[in-house]
Amino acid sequence: MSTPTLIEFDDVVARFDPMLGLEVHVELSTNTKMFCGCPTEFGAEPNTQVCPTCLGMPGALPVVNRTAVESAIRIGLALNCSIAPWGRFARKNYFYPDMPKNFQTSQYDEPIAVDGWLDVELDDGTIVRVEIERAHMEEDTGKSLHVGGATGRIHGAEYSLLDYNRAGVPLIEIVTKMIPDTGARAPEVARAYVTQLRDLVKSLGVSDVRMDQGSMRCDVNLSLSPKGSGVLGTRSETKNVNSLRSVERAVRYEMSRHAGVLLDGGTVVQETRHFEEQSGSTRAGRIKETSEDYRYFPEPDLVPIAPTPEWVEELRGTLPELPWERRKRISAEWGLTAEELRDLVNAGALDLIEATVAAGAPAGEARSWWVAYLTQQANTAGVPLEELAITPAQVARVIELVTSGELNNKLARQVVDGVLAGEGSPDEVVESRGLKVVSDDGALIAAVDEALAAQPDVAEKIRGGKVAAAGAIVGAVMKATKGQADAKRVRELIIERCG
Amino acid sequence: MSSDLTRLDAATLAEKIHSREVSAVEAAQAHLDRIAAVEGDVHAFLHVAGESALESAALVDASIAAGTAPASPLAGVPLALKDVFATIDMPTTCGSRILEGWRPPYDATLTSRLRAAGITILGKTNMDEFAMGSSTEYSAYGPTHNPWALDRIAGGSGGGSAAALAAFEAPLAIGTDTGGSIRQPAAVTGTVGVKPTYGGVSRYGLVACASSLDQGGPCARTVLDAALLHEVIAGHDPLDSTSIDAPVPAVVEAARLGATGDLSGLRVGVVRELGGEGYQPGVRASFDAALRRLEKLGAEVVEVSCPHFEYGLAAYYLILPSEVSSNLARFDAMRYGLRVEKGASAEEVMAATREAGFGPEVKRRIILGTYALSSGYYDAYYGQAQKVRTLISRDFAAAFAQVDVLVSPTAPTTAFPIGEKIDDPLAMYLNDLATIPTNLAGVAGMSVPSGLAEEDGLPVGLQIMAPALGEAVMYRVGAAFEAARNADESGPLIARIPELEVAAR
Ligand SMILES: [Zn+2]
């Protein structure tokens with residue numbers, strides 16, 4: 001295969017208009033699958049979350065998961081879509097070993113949500129309205145693991161293993177209309193759209209939207225037309241785009257590649273391509289000689305979905321504050337600059353801080369704990385901040401103990417370490433590690449007297465009025481009390497004893 | 001003693017078991033003995049589960065002995081189950097090589113209901129492969145022979161269930177009806193078969209032929225027995241989205257009422273389009289006699305027109321194969337059933353397995369359906385067929401606005417010789433001409449014996465059709481007709497079946 005000619009990005013946008021389309025699959029975090037009662041948890045032993053229905057056993061029948069329909073409607077409403085009052089599922093027929101029935105139950109020409117939009121905010125504050133064509137429900141397939149080949153691909157593999165745990169997990173596919181007029185900002189628009197969609201779906205609480213775990217997957221459709229011509233070009237569909245950064249890179253790469261083909265006098269092939277994370281390039285997949293014939297027809301084993309207007313309105317009432325509106329409100333409340341806010345969002349700290357504040361902590365302290373000490377601990381452990389083994393409520397409790405003087409900052413960090421190590425709640429760690437600040441004057445006075453006696457020259461200086469010299473004695477007392485003394489009180493006692 | 005038990009109807013046998021005059025074990029054993037004696041000739045069963053049948057019967061006996069009320073009016077009565085329902089303790093093959101020896105990991109809802117009712121399942125009956133056929137000749141395991149004349153077909157696809165009844169191998173059976181597979185076998189074996197309203201009996205665990213047409217139903221030698229079994233198996237099932245969430249029609253009460261023999265005030269419609277050409281003279285004559293009998297019972301018989309019925313067969317043979325092509329895609333050797341290890345890729349194994357595992361009629365319909373659903377043809381074939389389906393439903397609605405039930409001959413001919421139509425699919429398809437419209441519209445239908453055709457002495461069936469969930473009136477008419485016919489001809493039709501030569505034991 002020859003290496004494609006790539007055109008400099010600035011050249012591309014000088015000569016062509018990109019047309020962008022995005023298809024995003026969101027795996028719903030319902031307790032059970034789309035059409036059966038099997039659990040959906042990620043990471044279980046292969047083929048342990050299966051039943052006759054999701055294995056496509058002869059005679060087994062599907063029953064629609066009402067929570068999945070509810071989630072689909074809420075996503076549709078949050079994307080300003082109309083909700084179809086009546087719609088059937090369809091069968092998409094094709095043979096593939098990881099698809100138990102050799103058809104996928106999906107919505108075809110009767111999607112649950114149509115004609116919406118999402119206003120996407122770019123870094124400089126520009127708003128781009130992305131029109132949504134449809135959002136529809138479908139079931140996921142199982143997973144194939146190809147063993148023995150060099151690449152993990154089916155070609156050259158000795159054998160393949162099939163895991164049907166994921167088969168039948170509910171998916172919502174959200175399809176944009178073609179996004180025109182993005183020019184040089186096409187890669188940025190694509191990334192901002194997927195980011196904002198992710199945040200939106202997350203705020204609805206219907207999915208984990210983890211691109212790294214596949215619970216959110218993105219296909220990028222792209223074509224170029226000669227600048228100002230308005231003539232639609234042939235599009236490529238790039239799959240396997242598994243991070244926000246990859247979305248941006250895939251668009252950028254495909255624009256350069258398409259332009260290379262066109263400027264060489266060639267024609268772009270309509271095909272599916274795969275994004276290669278390492279090189280940031282795409283490689284050709286299956287060529288679509290004709291459009292694949294899936295022989296769609298209405299699923300006869302299911303009755304139509306007919307959400308009543310009352311139900312739809314009830315669900316509209318459950319929509320949370322939109323994430324970007326919430327951010328604006330929080331910025332104002334906490335007095336953050338746009339940059340500070342972005343840092344918090346990027347660090348994944350915003351929700352945690354907000355929850356900590358909601359649990360009673362002052363915003364400043366909450367922020368400082370999450371972006372400083374806890375971020376450090378997360379980095380050391382190599383886990384995302386939200387996966388640290390401490391809850392916002394526990395952080396709020398630690399802050400409360402510091403404010404009340406029962407802990408100092410050093411002890412508070414030890415308490416947090418204890419919680420992270422699984423030793424229990426902050427109060428339990430304080431108790432079991434014996435981390436209370438020593439505020440019993442009797443014990444402290446003895447320690448102060450001992451320290452003063454050990455350093456008579458320093459004691460003399462203090463008595464001579466050099467109060468600054470007290471630091472050395474404070475240090476000695478803190479050391480003797482293993483840091484559990486209230487340093488402020490120690491200083492007071494030293495002055496008193498030397499007075 | 002034991003041979004007498006096999007001649008009893010289910011209601012009578014149940015009474016004897018519940019009053020401890022005979023035991024359920026004796027009843028089961030009598031039928032197992034009969035099966036052993038005649039199966040070589042009839043071949044109604046694909047699997048006989050003697051041991052589990054006796055165990056289940058013993059449980060019923062123990063429960064009755066302990067003074068517990070019977071689990072159902074049919075507790076302890078033996079039954080033959082069509083091999084298309086999933087059974088956790090018996091193979092479920094659907095008459096196909098591709099499922100040879102397959103044991104489902106679960107019971108169909110209908111199977112569970114039979115077990116809960118204390119009914120003794122004797123085994124699984126023969127059928128055309130995946131219920132596609134009208135003669136049981138398309139079973140991968142050989143045809144079933146009609147107990148009235150062993151060289152003739154027992155109908156299909158449920159020939160095994162109907163033949164088991166006619167051969168006194170079981171007093172009750174279960175069938176499934178996609179285009180006539182319960183009613184046509186009933187007609188050609190002189191037994192009773194009912195296709196309930198679509199959604200009346202759960203399809204969970206019924207291996208699909210065509211999802212929008214399939215319906216499980218009761219088979220018996222009397223209308224009352226069919227009604228008793230109907231009430232056991234019918235009713236809403238949360239595992240089947242298409243099952244109707246409404247009370248089961250009171251069919252037992254209706255059958256008892258009907259047997260008192262008065263149909264005055266009822267209007268019976270004769271469907272003009274299900275008459276005329278194409279019916280064997282003896283079938284025609286038996287049907288005409290049936291109409292006179294219904295009039296004698298007080299019913300008013302009128303002619304009604306269902307103008308779109310003539311397109312029913314064509315629409316059916318587009319919708320059914322379309323659904324079949326998709327439903328049968330799952331048989332791919334990846335998870336269960338036959339696996340032919342040929343070639344290096346999954347696709348090659350799938351193709352080799354399907355080539356070896358499916359018979360000619362199944363392949364024919366898969367190909368037809370794949371074609372009918374293809375883009376560019378969908379609107380002309382599947383789309384048009386669905387429109388015809390709507391028109392046929394409207395024909396029924398208009399007819400049922402004028403009459404309480406509709407009647408026609410069940411099948412155009414009596415049982416034909418085995419082998420006669422096997423190479424002529426179109427001739428075979430015509431068998432279901434009169435039964436298909438009810439499946440397309442989802443309404444109820446039944447076949448009751450109407451007599452013997454003069455020219456060949458073989459049974460003829462009368463089809464009675466009723467609106468959705470209108471089973472009560474259908475059973476009432478069926479029971480009244482049966483009682484009148486039995487009275488006029490001094491006994492049930494089945495009593496006139498020739499004795500099978502019982503194998504020496
Ligand atoms: Zn399942």
# chains A, B, ... in the order shown; residues from 1 in each chain; ligands from 1

$ select_by_dssp --residues "range 149-249 of chain B" --states "strand (DSSP E)" --output "list in words"
Ala149, Leu150, Asp151, Arg152, Ile153, Leu172, Ala173, Ile174, Gly175, Thr176, Val192, Gly193, Val194, Lys195, Gly216, Gly217, Pro218, Cys219 and Ala220 of chain B

$ write_last_selection --atoms "N, CA, C and O atoms" --output "mmCIF file, in the first residue's frame"
data_model
loop_
_atom_site.group_PDB
_atom_site.id
_atom_site.type_symbol
_atom_site.label_atom_id
_atom_site.label_comp_id
_atom_site.auth_asym_id
_atom_site.auth_seq_id
_atom_site.Cartn_x
_atom_site.Cartn_y
_atom_site.Cartn_z
ATOM 1 N N ALA B 149 -55.042 -44.247 7.321
ATOM 2 C CA ALA B 149 -54.523 -44.954 6.143
ATOM 3 C C ALA B 149 -53.028 -44.688 6.141
ATOM 4 O O ALA B 149 -52.597 -43.577 5.861
ATOM 5 N N LEU B 150 -52.270 -45.715 6.465
ATOM 6 C CA LEU B 150 -50.852 -45.487 6.777
ATOM 7 C C LEU B 150 -50.028 -44.995 5.598
ATOM 8 O O LEU B 150 -48.943 -44.461 5.782
ATOM 9 N N ASP B 151 -50.540 -45.156 4.393
ATOM 10 C CA ASP B 151 -49.779 -44.657 3.242
ATOM 11 C C ASP B 151 -50.084 -43.182 2.966
ATOM 12 O O ASP B 151 -49.615 -42.629 1.991
ATOM 13 N N ARG B 152 -50.872 -42.586 3.846
ATOM 14 C CA ARG B 152 -51.250 -41.188 3.620
ATOM 15 C C ARG B 152 -50.602 -40.271 4.658
ATOM 16 O O ARG B 152 -50.206 -40.702 5.738
ATOM 17 N N ILE B 153 -50.572 -38.989 4.290
ATOM 18 C CA ILE B 153 -49.989 -37.982 5.181
ATOM 19 C C ILE B 153 -50.937 -37.719 6.348
ATOM 20 O O ILE B 153 -52.152 -37.902 6.240
ATOM 21 N N LEU B 172 -54.355 -35.941 24.467
ATOM 22 C CA LEU B 172 -54.153 -34.504 24.313
ATOM 23 C C LEU B 172 -52.843 -34.278 23.586
ATOM 24 O O LEU B 172 -51.909 -35.083 23.726
ATOM 25 N N ALA B 173 -52.776 -33.178 22.848
ATOM 26 C CA ALA B 173 -51.512 -32.821 22.206
ATOM 27 C C ALA B 173 -51.442 -31.306 22.066
ATOM 28 O O ALA B 173 -52.442 -30.605 22.200
ATOM 29 N N ILE B 174 -50.219 -30.844 21.830
ATOM 30 C CA ILE B 174 -50.012 -29.418 21.580
ATOM 31 C C ILE B 174 -49.464 -29.276 20.165
ATOM 32 O O ILE B 174 -48.593 -30.042 19.750
ATOM 33 N N GLY B 175 -49.995 -28.294 19.456
ATOM 34 C CA GLY B 175 -49.478 -27.980 18.137
ATOM 35 C C GLY B 175 -49.132 -26.511 18.044
ATOM 36 O O GLY B 175 -49.297 -25.756 19.010
ATOM 37 N N THR B 176 -48.622 -26.111 16.882
ATOM 38 C CA THR B 176 -48.469 -24.685 16.600
ATOM 39 C C THR B 176 -49.019 -24.458 15.206
ATOM 40 O O THR B 176 -48.940 -25.326 14.345
ATOM 41 N N VAL B 192 -59.660 -32.733 16.684
ATOM 42 C CA VAL B 192 -59.986 -31.321 16.900
ATOM 43 C C VAL B 192 -58.688 -30.545 17.081
ATOM 44 O O VAL B 192 -57.799 -30.981 17.823
ATOM 45 N N GLY B 193 -58.580 -29.396 16.425
ATOM 46 C CA GLY B 193 -57.387 -28.555 16.598
ATOM 47 C C GLY B 193 -57.775 -27.087 16.628
ATOM 48 O O GLY B 193 -58.606 -26.653 15.837
ATOM 49 N N VAL B 194 -57.167 -26.356 17.539
ATOM 50 C CA VAL B 194 -57.538 -24.945 17.719
ATOM 51 C C VAL B 194 -56.327 -24.036 17.562
ATOM 52 O O VAL B 194 -55.290 -24.260 18.209
ATOM 53 N N LYS B 195 -56.469 -23.027 16.721
ATOM 54 C CA LYS B 195 -55.480 -21.939 16.666
ATOM 55 C C LYS B 195 -56.060 -20.771 17.437
ATOM 56 O O LYS B 195 -56.993 -20.125 16.987
ATOM 57 N N GLY B 216 -49.250 -21.190 19.349
ATOM 58 C CA GLY B 216 -49.430 -22.521 19.924
ATOM 59 C C GLY B 216 -50.895 -22.726 20.264
ATOM 60 O O GLY B 216 -51.623 -21.763 20.513
ATOM 61 N N GLY B 217 -51.338 -23.995 20.256
ATOM 62 C CA GLY B 217 -52.734 -24.247 20.586
ATOM 63 C C GLY B 217 -52.986 -25.698 20.934
ATOM 64 O O GLY B 217 -52.115 -26.556 20.746
ATOM 65 N N PRO B 218 -54.212 -25.969 21.447
ATOM 66 C CA PRO B 218 -54.547 -27.318 21.896
ATOM 67 C C PRO B 218 -55.043 -28.214 20.765
ATOM 68 O O PRO B 218 -55.713 -27.769 19.836
ATOM 69 N N CYS B 219 -54.722 -29.503 20.887
ATOM 70 C CA CYS B 219 -55.225 -30.529 19.976
ATOM 71 C C CYS B 219 -55.822 -31.646 20.835
ATOM 72 O O CYS B 219 -55.262 -31.974 21.880
ATOM 73 N N ALA B 220 -56.954 -32.212 20.407
ATOM 74 C CA ALA B 220 -57.616 -33.237 21.206
ATOM 75 C C ALA B 220 -58.558 -34.028 20.310
ATOM 76 O O ALA B 220 -58.645 -33.765 19.105
#

$ closest_atom_pairs --of "chain A" --to "chain B" --cutoff "7 Å" --atoms "only C-alpha atoms" --output "Markdown table"
| residue | atom | partner | partner_atom | distance |
| --- | --- | --- | --- | --- |
| A:Gly56 | CA | B:Arg330 | CA | 6.7 |
| A:Pro58 | CA | B:Val207 | CA | 5.2 |
| A:Gly59 | CA | B:Val207 | CA | 3.8 |
| A:Ala60 | CA | B:Gly205 | CA | 5.3 |
| A:Leu61 | CA | B:Tyr204 | CA | 5.9 |
| A:Val63 | CA | B:Ser241 | CA | 5.8 |
| A:Asn93 | CA | B:Ser326 | CA | 6.8 |
| A:Pro97 | CA | B:Met334 | CA | 6.6 |
| A:Pro100 | CA | B:Arg330 | CA | 6.4 |
| A:Lys101 | CA | B:Arg330 | CA | 4.4 |
| A:Asn102 | CA | B:Arg330 | CA | 5.4 |
| A:Asp293 | CA | B:Ser375 | CA | 6.4 |
| A:Arg295 | CA | B:Leu373 | CA | 5.1 |
| A:Pro300 | CA | B:Ser212 | CA | 5.5 |
| A:Asp301 | CA | B:Ser211 | CA | 6.2 |
| A:Leu302 | CA | B:Ser241 | CA | 5.7 |
| A:Val303 | CA | B:Thr242 | CA | 6.2 |

$ residues_near_ligand --ligand "ligand 1" --cutoff "10 Å" --atoms "only C-alpha atoms and all ligand atoms" --output "compact mmCIF listing (two decimals) with C-alpha atoms, in the first residue's frame"
# COMPACT_ATOMS: atom_id res chain seq x y z
CA THR A 32 -30.11 -4.89 32.92
CA LYS A 33 -29.76 -5.40 29.19
CA MET A 34 -31.97 -3.95 26.45
CA PHE A 35 -34.18 -7.02 25.99
CA CYS A 36 -33.50 -9.38 28.91
CA GLY A 37 -32.80 -9.34 32.63
CA CYS A 38 -29.04 -9.97 32.47
CA PRO A 39 -26.72 -7.60 34.34
CA THR A 40 -24.55 -5.19 32.36
CA THR A 48 -21.34 -15.08 32.82
CA GLN A 49 -23.90 -12.37 32.09
CA VAL A 50 -26.00 -14.22 29.55
CA CYS A 51 -29.38 -15.94 29.24
CA PRO A 52 -31.40 -17.67 26.48
CA THR A 53 -32.56 -14.31 25.10
CA CYS A 54 -29.20 -12.55 24.77
CA LEU A 55 -27.56 -15.76 23.53
CA GLY A 56 -30.18 -15.96 20.77
CA ALA A 60 -36.29 -17.09 23.46
CA PRO A 62 -37.01 -10.07 23.79
CA TYR A 164 -21.52 -12.44 24.88
CA ASN A 165 -21.59 -10.44 28.13
CA ARG A 166 -21.92 -7.24 26.12
CA ALA A 167 -24.46 -8.70 23.68
CA GLY A 168 -27.77 -6.97 24.25
CA VAL A 169 -26.43 -4.08 26.33

$ residues_around --residues "Val270 in chain B" --least-positions-apart "4" --cutoff "6 Å" --atoms "only C-alpha atoms" --output "NGL selection string"
:B and (303-304 or 406-407)

$ residues_around --residues "range 33-44 of chain B" --least-positions-apart "3" --cutoff "8 Å" --atoms "only C-alpha atoms" --output "list in words"
Ser3, Thr6, Gln29, Ala30, Thr125, Asn126, Pro143, Thr144, His145, Asn146, Pro147, Leu150, Gly159, Gly160, Ser161, Ala163, Ala164, Ala167, Phe168, Glu169, Leu500, Glu501, Val502, Ala503, Ala504 and Arg505 of chain B

$ residues_around --residues "Leu493 in chain A" --least-positions-apart "5" --cutoff "12 Å" --atoms "only C-alpha atoms" --output "short mmCIF file (atom, residue, chain, number, x, y, z; two decimals) with C-alpha atoms, in the first residue's frame"
data_model
loop_
_atom_site.label_atom_id
_atom_site.label_comp_id
_atom_site.auth_asym_id
_atom_site.auth_seq_id
_atom_site.Cartn_x
_atom_site.Cartn_y
_atom_site.Cartn_z
CA SER A 439 -4.84 20.16 73.45
CA ASP A 440 -4.50 18.90 77.02
CA ASP A 441 -2.34 21.69 78.54
CA GLY A 442 -0.93 19.41 81.26
CA ALA A 443 0.76 17.11 78.78
CA LEU A 444 1.85 20.04 76.64
CA ILE A 445 3.32 22.01 79.57
CA ALA A 446 5.44 19.03 80.53
CA ALA A 447 6.70 18.75 76.96
CA VAL A 448 7.38 22.51 76.74
CA ASP A 449 9.29 22.50 80.04
CA ALA A 451 12.19 21.25 75.60
CA LEU A 452 13.11 24.50 77.31
CA ALA A 470 10.39 30.15 70.10
CA ILE A 473 11.15 24.99 70.90
CA VAL A 474 7.86 24.58 69.00
CA VAL A 477 7.62 19.92 71.18
CA ALA A 485 0.13 19.12 69.35
CA ASP A 486 -1.71 22.24 68.34
CA ALA A 487 1.27 24.38 67.28
CA LYS A 488 -0.48 27.64 68.08
CA CYS A 498 9.20 32.03 79.72
CA GLY A 499 7.24 35.03 80.88
#

$ residues_around --residues "Ala75 in chain B" --least-positions-apart "3" --cutoff "10 Å" --atoms "only C-alpha atoms" --output "list of chain:residue names"
B:Ala10, B:Leu13, B:Ala14, B:Glu15, B:Ile17, B:His18, B:Ala24, B:Ala57, B:Val60, B:Asp61, B:Ile64, B:Ala69, B:Pro70, B:Ala71, B:Ser72, B:Pro78, B:Leu114, B:Arg115, B:Ala116, B:Ala117, B:Gly118, B:Ile119, B:Thr120

$ write_last_selection --atoms "N, CA and C atoms" --output "JSON list (two decimals), in the first residue's frame"
[["chain", "number", "residue", "atom", "x", "y", "z"],
["B", 10, "ALA", "N", -59.97, -36.99, 27.35],
["B", 10, "ALA", "CA", -59.18, -36.47, 28.47],
["B", 10, "ALA", "C", -60.04, -36.12, 29.68],
["B", 13, "LEU", "N", -60.96, -39.34, 31.45],
["B", 13, "LEU", "CA", -59.77, -39.93, 32.07],
["B", 13, "LEU", "C", -59.38, -39.14, 33.32],
["B", 14, "ALA", "N", -59.45, -37.82, 33.22],
["B", 14, "ALA", "CA", -59.10, -36.97, 34.36],
["B", 14, "ALA", "C", -60.01, -37.25, 35.55],
["B", 15, "GLU", "N", -61.30, -37.40, 35.26],
["B", 15, "GLU", "CA", -62.25, -37.71, 36.33],
["B", 15, "GLU", "C", -61.88, -39.00, 37.05],
["B", 17, "ILE", "N", -58.97, -40.38, 37.21],
["B", 17, "ILE", "CA", -57.71, -40.23, 37.96],
["B", 17, "ILE", "C", -57.98, -39.46, 39.26],
["B", 18, "HIS", "N", -58.78, -38.39, 39.15],
["B", 18, "HIS", "CA", -59.01, -37.54, 40.34],
["B", 18, "HIS", "C", -59.87, -38.26, 41.37],
["B", 24, "ALA", "N", -52.73, -42.01, 37.71],
["B", 24, "ALA", "CA", -52.08, -41.30, 36.62],
["B", 24, "ALA", "C", -50.96, -42.16, 36.03],
["B", 57, "ALA", "N", -46.31, -38.51, 36.54],
["B", 57, "ALA", "CA", -47.62, -39.08, 36.87],
["B", 57, "ALA", "C", -47.66, -39.54, 38.33],
["B", 60, "VAL", "N", -48.43, -36.76, 40.64],
["B", 60, "VAL", "CA", -49.86, -36.43, 40.65],
["B", 60, "VAL", "C", -50.61, -37.41, 41.54],
["B", 61, "ASP", "N", -50.31, -38.68, 41.39],
["B", 61, "ASP", "CA", -50.97, -39.70, 42.23],
["B", 61, "ASP", "C", -50.70, -39.44, 43.71],
["B", 64, "ILE", "N", -52.74, -36.51, 44.91],
["B", 64, "ILE", "CA", -54.17, -36.84, 45.06],
["B", 64, "ILE", "C", -54.38, -37.73, 46.29],
["B", 69, "ALA", "N", -56.08, -31.02, 46.26],
["B", 69, "ALA", "CA", -56.90, -30.85, 45.05],
["B", 69, "ALA", "C", -55.99, -30.91, 43.83],
["B", 70, "PRO", "N", -56.48, -31.51, 42.73],
["B", 70, "PRO", "CA", -55.64, -31.61, 41.52],
["B", 70, "PRO", "C", -55.19, -30.22, 41.05],
["B", 71, "ALA", "N", -53.95, -30.17, 40.51],
["B", 71, "ALA", "CA", -53.39, -28.89, 40.09],
["B", 71, "ALA", "C", -54.20, -28.25, 38.97],
["B", 72, "SER", "N", -54.93, -29.06, 38.21],
["B", 72, "SER", "CA", -55.78, -28.53, 37.14],
["B", 72, "SER", "C", -56.79, -29.62, 36.80],
["B", 78, "PRO", "N", -52.12, -37.73, 30.13],
["B", 78, "PRO", "CA", -50.94, -37.68, 29.25],
["B", 78, "PRO", "C", -51.14, -36.77, 28.04],
["B", 114, "LEU", "N", -47.85, -26.57, 31.35],
["B", 114, "LEU", "CA", -48.29, -27.98, 31.32],
["B", 114, "LEU", "C", -47.80, -28.70, 32.58],
["B", 115, "ARG", "N", -46.55, -28.47, 32.92],
["B", 115, "ARG", "CA", -45.99, -29.15, 34.11],
["B", 115, "ARG", "C", -46.73, -28.69, 35.36],
["B", 116, "ALA", "N", -46.95, -27.39, 35.47],
["B", 116, "ALA", "CA", -47.62, -26.85, 36.66],
["B", 116, "ALA", "C", -49.04, -27.40, 36.77],
["B", 117, "ALA", "N", -49.65, -27.73, 35.62],
["B", 117, "ALA", "CA", -51.02, -28.25, 35.63],
["B", 117, "ALA", "C", -51.05, -29.74, 35.92],
["B", 118, "GLY", "N", -49.88, -30.35, 36.11],
["B", 118, "GLY", "CA", -49.83, -31.78, 36.42],
["B", 118, "GLY", "C", -50.06, -32.67, 35.22],
["B", 119, "ILE", "N", -49.96, -32.10, 34.03],
["B", 119, "ILE", "CA", -50.15, -32.89, 32.81],
["B", 119, "ILE", "C", -48.88, -33.71, 32.53],
["B", 120, "THR", "N", -49.07, -34.96, 32.16],
["B", 120, "THR", "CA", -47.95, -35.87, 31.91],
["B", 120, "THR", "C", -47.47, -35.71, 30.47]]

$ select_by_dssp --residues "range 319-485 of chain B" --states "helix (DSSP H, G or I)" --output "ChimeraX atom specification"
/B:319-330,346-357,360-372,379-402,425-430,436-441,471-485

$ closest_residue --among "B:Ser264, B:Asp177, B:Asp83, B:Ala315" --to "Ala380 in chain B" --atoms "only C-alpha atoms"
B:Ala315

$ closest_residue --among "B:Ala427, B:Ala186, B:Val248, B:Ala484" --to "Ser447 in chain B" --atoms "only C-alpha atoms"
B:Ala186

$ residues_around --residues "Gly483 in chain A" --least-positions-apart "2" --cutoff "9 Å" --atoms "only C-alpha atoms" --output "JSON, numbers by chain"
{"A": [408, 410, 411, 435, 437, 438, 477, 478, 479, 480, 481, 485, 486, 487]}

$ closest_residue --among "A:Lys143, A:Arg491, A:Lys328, A:Arg210" --to "Ser160 in chain A" --atoms "only C-alpha atoms"
A:Lys143

$ closest_residue --among "B:Ala53, B:Ile244, B:Gln184, B:Ala466" --to "Leu430 in chain B" --atoms "only C-alpha atoms"
B:Gln184

$ closest_atom_pairs --of "range 191-239 of chain A" --to "range 336-357 of chain A" --cutoff "12 Å" --atoms "only C-alpha atoms" --output "tab-separated table"
residue	atom	partner	partner_atom	distance
A:Thr195	CA	A:Asn346	CA	10.9
A:Gln196	CA	A:Val345	CA	11.8
A:Asp199	CA	A:Val345	CA	10.3
A:Lys202	CA	A:Asp351	CA	11.1
A:Ser203	CA	A:Asp351	CA	10.0

$ atom_distance --atom1 "CA of Pro185 in chain B" --atom2 "CA of Gly261 in chain B"
26.1 Å

$ atom_distance --atom1 "CA of Arg365 in chain B" --atom2 "CA of Val324 in chain B"
7.0 Å
